[in-house]
file final_25.txt (compact mmCIF, C-alpha atoms)
# COMPACT_ATOMS: atom_id res chain seq x y z
CA MET V 1 7.78 26.79 32.88
CA SER V 2 5.75 28.03 29.91
CA HIS V 3 3.73 25.83 27.60
CA THR V 4 6.20 26.30 24.77
CA ASP V 5 9.17 25.32 26.98
CA SER V 6 7.55 22.23 28.48
CA PRO V 7 8.76 18.91 27.12
CA ALA V 8 6.19 16.34 26.10
CA ALA V 9 5.76 13.78 28.88
CA ARG V 10 3.91 11.12 26.88
CA VAL V 11 3.92 9.80 23.32
CA LEU V 12 0.75 8.81 21.43
CA TYR V 13 0.66 7.53 17.86
CA LEU V 14 -2.01 8.96 15.60
CA PRO V 15 -4.50 6.25 14.52
CA ASP V 16 -4.47 7.24 10.84
CA ASP V 17 -2.84 9.66 8.42
CA ARG V 18 -5.65 12.16 7.82
CA SER V 19 -4.48 15.72 7.20
CA ALA V 20 -7.05 17.27 9.52
CA TRP V 21 -9.65 16.29 12.10
CA LYS V 22 -13.00 17.53 13.22
CA VAL V 23 -12.29 19.08 16.60
CA ALA V 24 -14.86 16.83 18.31
CA GLU V 25 -13.27 13.70 16.86
CA ALA V 26 -9.77 14.82 17.87
CA LEU V 27 -10.86 15.48 21.45
CA ASP V 28 -12.69 12.15 21.61
CA TRP V 29 -9.67 10.23 20.33
CA LEU V 30 -7.24 11.94 22.70
CA ALA V 31 -9.39 11.15 25.73
CA GLN V 32 -9.91 7.53 24.67
CA ALA V 33 -6.23 7.02 23.90
CA LEU V 34 -5.27 8.27 27.35
CA HIS V 35 -7.80 6.08 29.15
CA GLN V 36 -7.79 2.67 27.54
CA ALA V 37 -9.58 0.17 29.74
CA PRO V 38 -7.23 -2.46 31.23
CA GLU V 39 -7.80 -6.03 30.09
CA ASP V 40 -8.24 -8.54 32.91
CA ASP V 41 -9.38 -12.02 31.90
CA ASP V 42 -9.82 -13.01 35.57
CA ALA V 43 -12.15 -10.13 36.40
CA THR V 44 -15.81 -10.82 37.09
CA ASP V 45 -18.61 -9.17 35.11
CA GLY V 46 -19.13 -6.79 38.01
CA LYS V 47 -15.49 -5.75 38.02
CA HIS V 48 -15.56 -5.32 34.24
CA SER V 49 -18.60 -3.05 34.55
CA GLN V 50 -16.96 -0.98 37.28
CA ALA V 51 -13.75 -0.66 35.26
CA ALA V 52 -15.68 0.36 32.14
CA LEU V 53 -17.65 2.97 34.08
CA ALA V 54 -14.46 4.36 35.64
CA THR V 55 -12.85 4.55 32.19
CA ARG V 56 -15.81 6.38 30.64
CA THR V 57 -15.89 8.82 33.54
CA ALA V 58 -12.16 9.50 33.22
CA GLU V 59 -12.54 10.00 29.47
CA ALA V 60 -15.35 12.52 29.96
CA VAL V 61 -13.38 14.51 32.54
CA THR V 62 -10.25 14.50 30.38
CA ARG V 63 -12.16 15.51 27.27
CA GLU V 64 -13.78 18.46 29.04
CA SER V 65 -10.38 19.57 30.33
CA HIS V 66 -8.83 19.29 26.87
CA GLU V 67 -11.65 21.27 25.27
CA LYS V 68 -11.19 24.10 27.77
CA ALA V 69 -7.46 24.09 27.04
CA LEU V 70 -8.13 24.19 23.29
CA ARG V 71 -10.47 27.15 23.69
CA ARG V 72 -7.74 28.98 25.61
CA ALA V 73 -5.19 28.16 22.91
CA ILE V 74 -7.51 29.43 20.17
CA SER V 75 -8.34 32.61 22.08
CA ALA V 76 -4.62 33.21 22.60
CA ARG V 77 -4.15 32.68 18.82
CA GLU V 78 -1.63 29.92 19.48
CA VAL V 79 -3.73 27.35 17.62
CA GLU V 80 -5.75 27.85 14.43
CA ILE V 81 -8.95 26.05 13.54
CA LEU V 82 -10.55 25.84 10.12
CA ASP V 83 -14.06 25.96 8.76
CA PRO V 84 -14.84 22.99 6.43
CA PRO V 85 -16.71 24.83 3.62
CA SER V 86 -14.01 27.48 3.29
CA PRO V 87 -10.80 26.41 5.02
CA THR V 88 -9.60 29.73 6.38
CA GLU V 89 -8.64 30.90 9.84
CA ASP V 90 -11.67 31.07 12.16
CA LYS V 91 -12.00 32.42 15.69
CA CYS V 92 -15.41 30.88 16.47
CA THR V 93 -15.13 28.86 19.68
CA GLU V 94 -18.61 29.26 21.14
CA GLY V 95 -21.01 26.44 21.95
CA ALA V 96 -21.20 23.27 19.87
CA ALA V 97 -19.80 25.05 16.81
CA LEU V 98 -16.22 24.29 17.86
CA GLY V 99 -16.76 20.54 17.54
CA SER V 100 -17.59 20.78 13.84
CA GLN V 101 -14.57 22.96 13.06
CA LEU V 102 -11.39 21.40 11.65
CA ILE V 103 -7.94 21.27 13.18
CA THR V 104 -5.03 20.27 10.96
CA ARG V 105 -2.66 17.55 12.03
CA GLY V 106 0.13 20.07 12.56
CA GLU V 107 -2.04 22.32 14.73
CA LEU V 108 -3.27 19.31 16.73
CA GLU V 109 0.32 18.21 17.31
CA LYS V 110 1.25 21.74 18.41
CA PHE V 111 -1.72 21.98 20.78
CA ALA V 112 -1.01 18.58 22.34
CA ARG V 113 2.63 19.42 22.92
CA LYS V 114 2.15 22.96 24.28
CA TYR V 115 -0.99 22.46 26.35
CA LEU V 116 -1.23 18.76 27.16
CA TYR V 117 2.46 17.79 27.22
CA ILE V 118 1.77 14.96 24.77
CA GLU V 119 3.91 14.16 21.74
CA LEU V 120 1.73 13.05 18.84
CA ARG V 121 3.58 11.03 16.24
CA ARG V 122 2.73 9.55 12.87
CA ARG V 123 3.27 5.84 12.55
CA GLU V 124 6.35 4.87 10.56
CA GLU V 125 4.32 3.32 7.75
CA PHE V 126 2.53 6.65 7.15
CA VAL V 127 5.82 8.54 7.03
CA GLU V 128 7.38 6.00 4.66
CA ALA V 129 4.33 6.06 2.38
CA GLU V 130 4.48 9.85 2.16
CA LYS V 131 8.18 9.74 1.24
CA ARG V 132 7.47 7.08 -1.37
CA HIS V 133 4.57 9.03 -2.90
CA ALA V 134 6.78 12.13 -3.08
CA ARG V 135 9.08 10.08 -5.35
CA GLY V 136 6.08 9.12 -7.49
CA LEU V 137 6.03 5.52 -6.27
CA TYR V 138 3.01 3.54 -5.07
CA THR V 139 2.70 -0.06 -4.00
CA ILE V 140 0.69 -2.15 -6.43
CA GLU V 141 -2.00 -2.35 -3.76
CA GLU V 142 -2.10 1.44 -3.34
CA ALA V 143 -2.19 1.99 -7.10
CA ALA V 144 -5.11 -0.41 -7.58
CA ALA V 145 -7.04 1.19 -4.70
CA ALA V 146 -6.42 4.73 -5.99
CA LEU V 147 -7.34 3.89 -9.58
CA GLY V 148 -10.46 2.05 -8.46
CA GLU V 149 -11.51 5.01 -6.32
CA GLN V 150 -10.87 7.40 -9.22
CA GLN V 151 -13.16 5.31 -11.42
CA GLY V 152 -15.81 5.04 -8.72
CA TRP V 153 -15.71 1.24 -8.76
CA HIS V 154 -17.21 -0.98 -6.06
CA ALA V 155 -15.10 -3.28 -3.86
CA GLY V 156 -15.47 -6.28 -6.19
CA ALA V 157 -14.24 -4.35 -9.22
CA ARG V 158 -11.30 -2.97 -7.25
CA ALA V 159 -10.34 -6.47 -6.13
CA SER V 160 -10.50 -7.62 -9.74
CA LEU V 161 -8.25 -4.74 -10.81
CA LEU V 162 -5.70 -5.62 -8.12
CA LYS V 163 -5.71 -9.24 -9.30
CA ARG V 164 -5.11 -8.17 -12.93
CA MET V 165 -2.27 -5.87 -11.84
CA ILE V 166 -0.60 -8.66 -9.87
CA GLU V 167 -0.87 -10.95 -12.88
CA ALA V 168 0.59 -8.25 -15.14
CA ALA V 169 3.44 -7.63 -12.70
CA ARG V 170 4.16 -11.36 -12.62
CA ASP V 171 4.28 -11.75 -16.42
CA GLY V 172 6.19 -8.51 -16.97
CA THR V 173 3.56 -6.52 -18.87
CA LEU V 174 3.30 -4.09 -15.94
CA THR V 175 6.64 -2.53 -15.05
CA VAL V 176 7.44 -3.08 -11.36
CA ARG V 177 10.21 -1.25 -9.55
CA ASP V 178 12.60 -2.13 -6.74
CA PRO V 179 11.45 -0.19 -3.63
CA HIS V 180 15.07 0.51 -2.71
CA THR V 181 16.47 1.70 -6.04
CA ASP V 182 13.32 2.65 -8.04
CA LEU V 183 14.76 0.60 -10.91
CA PRO V 184 12.53 -1.76 -12.93
CA TYR V 185 12.86 -5.49 -12.26
CA ARG V 186 10.87 -8.74 -12.32
CA PRO V 187 10.03 -9.74 -8.74
CA SER V 188 9.24 -13.33 -7.83
CA PRO V 189 6.93 -13.70 -6.10
CA VAL V 190 5.00 -10.44 -6.53
CA ARG V 191 4.07 -8.84 -3.22
CA GLU V 192 1.40 -6.22 -3.86
CA PHE V 193 1.94 -4.59 -0.45
CA TYR V 194 5.69 -4.19 -1.06
CA HIS V 195 6.58 -3.88 -4.74
CA VAL V 196 6.03 -0.46 -6.31
CA VAL V 197 5.00 1.13 -9.60
CA MET V 198 4.95 4.63 -11.04
CA VAL V 199 1.89 6.34 -12.49
CA ALA V 200 3.51 6.22 -15.93
CA ASP V 201 4.06 2.46 -15.54
CA VAL V 202 0.39 1.90 -14.76
CA ASN V 203 -0.80 4.14 -17.59
CA ALA V 204 1.49 2.44 -20.10
CA TRP V 205 0.02 -0.92 -19.05
CA LEU V 206 -3.54 0.45 -19.31
CA GLU V 207 -2.84 1.78 -22.82
CA ARG V 208 -1.41 -1.56 -23.94
CA SER V 209 -4.47 -3.24 -22.45
CA GLY V 210 -6.73 -1.14 -24.68
CA VAL V 211 -8.81 0.62 -22.03
CA ALA V 212 -9.98 4.23 -22.43
CA TYR V 213 -9.15 5.48 -18.91
CA THR V 214 -5.86 6.46 -17.30
CA TRP V 215 -4.73 6.93 -13.72
CA ASN V 216 -4.39 10.55 -12.60
CA PRO V 217 -3.76 10.86 -8.83
CA SER V 218 -4.33 14.64 -8.92
CA CYS V 219 -7.80 14.11 -10.40
CA ALA V 220 -8.65 11.69 -7.62
CA GLU V 221 -7.52 14.30 -5.10
CA ASP V 222 -9.74 16.95 -6.68
CA ALA V 223 -12.71 14.58 -6.81
CA THR V 224 -12.52 13.99 -3.06
CA ALA V 225 -11.59 17.55 -2.10
CA SER V 226 -15.10 18.28 -0.86
CA LYS V 227 -15.04 15.17 1.35
CA LYS V 228 -11.86 15.86 3.27
CA PRO V 229 -10.19 18.98 4.62
CA LEU V 230 -7.44 20.60 2.63
CA PRO V 231 -3.98 20.71 4.17
CA ALA V 232 -2.28 24.09 4.40
CA ASP V 233 0.35 23.16 1.81
CA LEU V 234 -2.36 22.53 -0.83
CA ARG V 235 -3.92 25.92 -0.14
CA GLU V 236 -0.47 27.49 -0.54
CA LYS V 237 0.04 25.68 -3.85
CA ARG V 238 -3.34 26.91 -5.05
CA ALA V 239 -2.43 30.46 -4.07
CA GLU V 240 0.82 30.13 -6.03
CA LEU V 241 -1.09 28.89 -9.09
CA LEU V 242 -3.38 31.90 -8.82
CA ARG V 243 -0.41 34.29 -8.58
CA ARG V 244 1.16 32.73 -11.67
CA PHE V 245 -2.16 32.79 -13.56
CA ARG V 246 -2.51 36.51 -12.84
CA ALA V 247 1.09 37.12 -13.83
CA LEU V 248 0.24 35.59 -17.21
CA GLY V 249 -2.59 38.12 -17.51
CA GLY V 250 -5.37 35.72 -16.59
CA LYS V 251 -8.57 36.70 -14.84
CA ARG V 252 -11.34 34.38 -13.67
CA ARG V 253 -15.03 35.03 -14.28
CA SER V 254 -15.57 35.46 -10.55
CA GLU V 255 -13.15 38.39 -10.78
CA GLY V 256 -15.06 39.99 -13.63
CA GLY V 257 -13.32 38.24 -16.51
CA GLY V 258 -11.63 40.16 -19.30
CA GLY V 259 -8.18 38.68 -18.74
CA LYS V 260 -5.63 37.73 -21.36
CA ARG V 261 -6.77 34.88 -23.58
CA GLY V 262 -4.55 31.82 -23.46
CA ALA V 263 -3.40 32.36 -19.86
CA LEU V 264 -5.01 29.13 -18.67
CA ALA V 265 -3.57 27.15 -21.57
CA GLN V 266 -0.12 28.57 -20.82
CA LEU V 267 -0.43 27.66 -17.14
CA GLU V 268 -1.51 24.15 -18.13
CA LYS V 269 1.58 23.86 -20.32
CA GLU V 270 3.87 25.10 -17.54
CA THR V 271 2.46 22.93 -14.74
CA GLY V 272 1.25 19.82 -16.55
CA ILE V 273 -2.07 20.08 -14.65
CA HIS V 274 -5.20 19.58 -16.74
CA ARG V 275 -7.09 22.86 -17.29
CA LYS V 276 -10.23 21.45 -15.65
CA ASN V 277 -8.26 20.80 -12.47
CA LEU V 278 -6.50 24.15 -12.82
CA SER V 279 -9.85 25.94 -13.00
CA HIS V 280 -10.95 24.17 -9.83
CA HIS V 281 -7.72 25.14 -8.00
CA LEU V 282 -7.88 28.75 -9.17
CA ASP V 283 -11.50 29.22 -8.11
CA LYS V 284 -10.79 27.69 -4.71
CA ALA V 285 -7.76 29.97 -4.30
CA ILE V 286 -9.94 33.01 -5.03
CA GLU V 287 -12.49 31.81 -2.43
CA ASP V 288 -9.72 31.47 0.16
CA GLU V 289 -8.33 34.89 -0.76
CA ARG V 290 -11.72 36.55 -0.29
CA ALA V 291 -12.40 34.74 2.97
CA ARG V 292 -9.05 35.87 4.37
CA ALA V 293 -9.73 39.44 3.29
CA LEU V 294 -13.12 39.30 4.99
CA TRP V 295 -11.54 37.90 8.13
CA ALA V 296 -8.89 40.62 8.14
CA GLY V 297 -11.62 43.24 7.93
CA THR V 298 -13.30 41.93 11.08
CA LYS V 299 -10.21 42.14 13.27
call {"tool": "encode", "arguments": {"input": "final_25.txt", "output": "structure tokens"}}
result
Amino acid sequence: MSHTDSPAARVLYLPDDRSAWKVAEALDWLAQALHQAPEDDDATDGKHSQAALATRTAEAVTRESHEKALRRAISAREVEILDPPSPTEDKCTEGAALGSQLITRGELEKFARKYLYIELRRREEFVEAEKRHARGLYTIEEAAAALGEQQGWHAGARASLLKRMIEAARDGTLTVRDPHTDLPYRPSPVREFYHVVMVADVNAWLERSGVAYTWNPSCAEDATASKKPLPADLREKRAELLRRFRALGGKRRSEGGGGKRGALAQLEKETGIHRKNLSHHLDKAIEDERARALWAGTK
């Protein structure tokens, strides 16, 4: 039976919802997840030490086996890895370099299923959160954390913000929505981990409160883009923005400039994305485009 035909024999749940992993971290986690040390309250210290040593040995053997399988998958072009500075397809699998490369969640899931016969699944709360965010809804807790991160606030300031938002939700000055219907209502009591708000709800409350800042989730994403790997769908969206920008007659400085004036303003009007963020996306899309062209020329 081929790798692609083989059913997964075991299910593991991913420990978090990151979009991509460093290869070394992914291999470490897989080995540890497969060889969790058994808990035995009646065991002596000597037995505990022996069990721990056996577990570490099994982890090391499994990790080495998985790394060899991953190298085969990459060489066979069945799995793609990415380079953090410029997330494009990369064939480098030699030496320690592989460990610092990135593997997206989708590619990791594909590798585990085809080569290790393991089904990797996202925990239900991650899936539900993604669906909720796609509808523009965030729990009060998520909104406070995201806004605090956007503003660069420390933990104490973020906790204070969450407290103010809970108070505002309780007295009705912050619109809260039913998680099932998305309709506004007055919950009692307010559960910050359950009740949801929209970005517009939060910004309306901030404006009424007289503060100068607003919450912009896309800005927070751009601000942390250099700290976490970009998922493939974001790169595709950036490429689409670049295609539209060019269709409007635009041309970035890195391309020599001289494009039609007003193209960026028109794109901002069409997409609703601030021009500063658009400029960032467009430049990154050009970098990806050039990297792919360079890669194609080395084949």
call {"tool": "residues_around", "arguments": {"input": "final_25.txt", "residues": "Thr139 of chain V", "least_positions_apart": "4", "cutoff": "7 Å", "atoms": "all atoms listed in the file", "output": "VMD selection string"}}
result
chain V and resid 143 192 to 197
call {"tool": "residues_around", "arguments": {"input": "final_25.txt", "residues": "segment 251-267 of chain V", "least_positions_apart": "3", "cutoff": "12 Å", "atoms": "all atoms listed in the file", "output": "VMD selection string"}}
result
chain V and resid 240 to 248 270 to 287 289 to 290
call {"tool": "closest_residue", "arguments": {"input": "final_25.txt", "among": "V:Ala200, V:Leu102, V:Ile166, V:Val190", "to": "Leu137 of chain V", "atoms": "only C-alpha atoms"}}
result
V:Ala200
call {"tool": "atom_distance", "arguments": {"input": "final_25.txt", "atom1": "atom CA of Glu25 of chain V", "atom2": "atom CA of Val11 of chain V"}}
result
18.8 Å
call {"tool": "residues_around", "arguments": {"input": "final_25.txt", "residues": "Thr55 of chain V", "least_positions_apart": "4", "cutoff": "8 Å", "atoms": "all atoms listed in the file", "output": "PDB file with C-alpha atoms, keeping the file's coordinate frame"}}
result
ATOM      1  CA  HIS V  35      -7.800   6.080  29.150  1.00  0.00           C
ATOM      2  CA  GLN V  36      -7.790   2.670  27.540  1.00  0.00           C
ATOM      3  CA  ALA V  37      -9.580   0.170  29.740  1.00  0.00           C
ATOM      4  CA  ALA V  51     -13.750  -0.660  35.260  1.00  0.00           C
ATOM      5  CA  GLU V  59     -12.540  10.000  29.470  1.00  0.00           C
TER       6      GLU V  59
END
call {"tool": "residues_near_point", "arguments": {"input": "final_25.txt", "point": "(1.4, -2.0, -17.1)", "cutoff": "7 Å", "atoms": "all atoms listed in the file", "output": "PyMOL selection string"}}
result
chain V and resi 168+173-175+201-206
call {"tool": "closest_residue", "arguments": {"input": "final_25.txt", "among": "V:Leu82, V:Val23, V:Leu120, V:Ala112", "to": "Leu98 of chain V", "atoms": "all atoms listed in the file"}}
result
V:Val23
call {"tool": "residues_around", "arguments": {"input": "final_25.txt", "residues": "Arg135 of chain V", "least_positions_apart": "6", "cutoff": "12 Å", "atoms": "only C-alpha atoms", "output": "JSON list (two decimals) with C-alpha atoms, in the frame of the given file"}}
result
[["chain", "number", "residue", "atom", "x", "y", "z"],
["V", 128, "GLU", "CA", 7.38, 6.00, 4.66],
["V", 129, "ALA", "CA", 4.33, 6.06, 2.38],
["V", 179, "PRO", "CA", 11.45, -0.19, -3.63],
["V", 180, "HIS", "CA", 15.07, 0.51, -2.71],
["V", 181, "THR", "CA", 16.47, 1.70, -6.04],
["V", 182, "ASP", "CA", 13.32, 2.65, -8.04],
["V", 196, "VAL", "CA", 6.03, -0.46, -6.31],
["V", 197, "VAL", "CA", 5.00, 1.13, -9.60],
["V", 198, "MET", "CA", 4.95, 4.63, -11.04],
["V", 199, "VAL", "CA", 1.89, 6.34, -12.49]]
call {"tool": "atom_distance", "arguments": {"input": "final_25.txt", "atom1": "atom CA of Gln150 of chain V", "atom2": "atom CA of Phe126 of chain V"}}
result
21.2 Å
call {"tool": "residues_near_point", "arguments": {"input": "final_25.txt", "point": "(-7.1, 4.1, -10.3)", "cutoff": "10 Å", "atoms": "all atoms listed in the file", "output": "PyMOL selection string"}}
result
chain V and resi 142-153+158+161+199+202-203+213-217+220
call {"tool": "atom_distance", "arguments": {"input": "final_25.txt", "atom1": "atom CA of Val79 of chain V", "atom2": "atom CA of Glu107 of chain V"}}
result
6.0 Å
call {"tool": "closest_residue", "arguments": {"input": "final_25.txt", "among": "V:Phe111, V:Tyr13, V:Trp29, V:Tyr185", "to": "Glu125 of chain V", "atoms": "all atoms listed in the file"}}
result
V:Tyr13
call {"tool": "closest_residue", "arguments": {"input": "final_25.txt", "among": "V:Ala212, V:Ala97, V:Ala54, V:Leu116", "to": "Ala69 of chain V", "atoms": "only C-alpha atoms"}}
result
V:Leu116
call {"tool": "closest_residue", "arguments": {"input": "final_25.txt", "among": "V:Glu207, V:Glu80, V:Asp171, V:Asp28", "to": "Ser65 of chain V", "atoms": "all atoms listed in the file"}}
result
V:Asp28
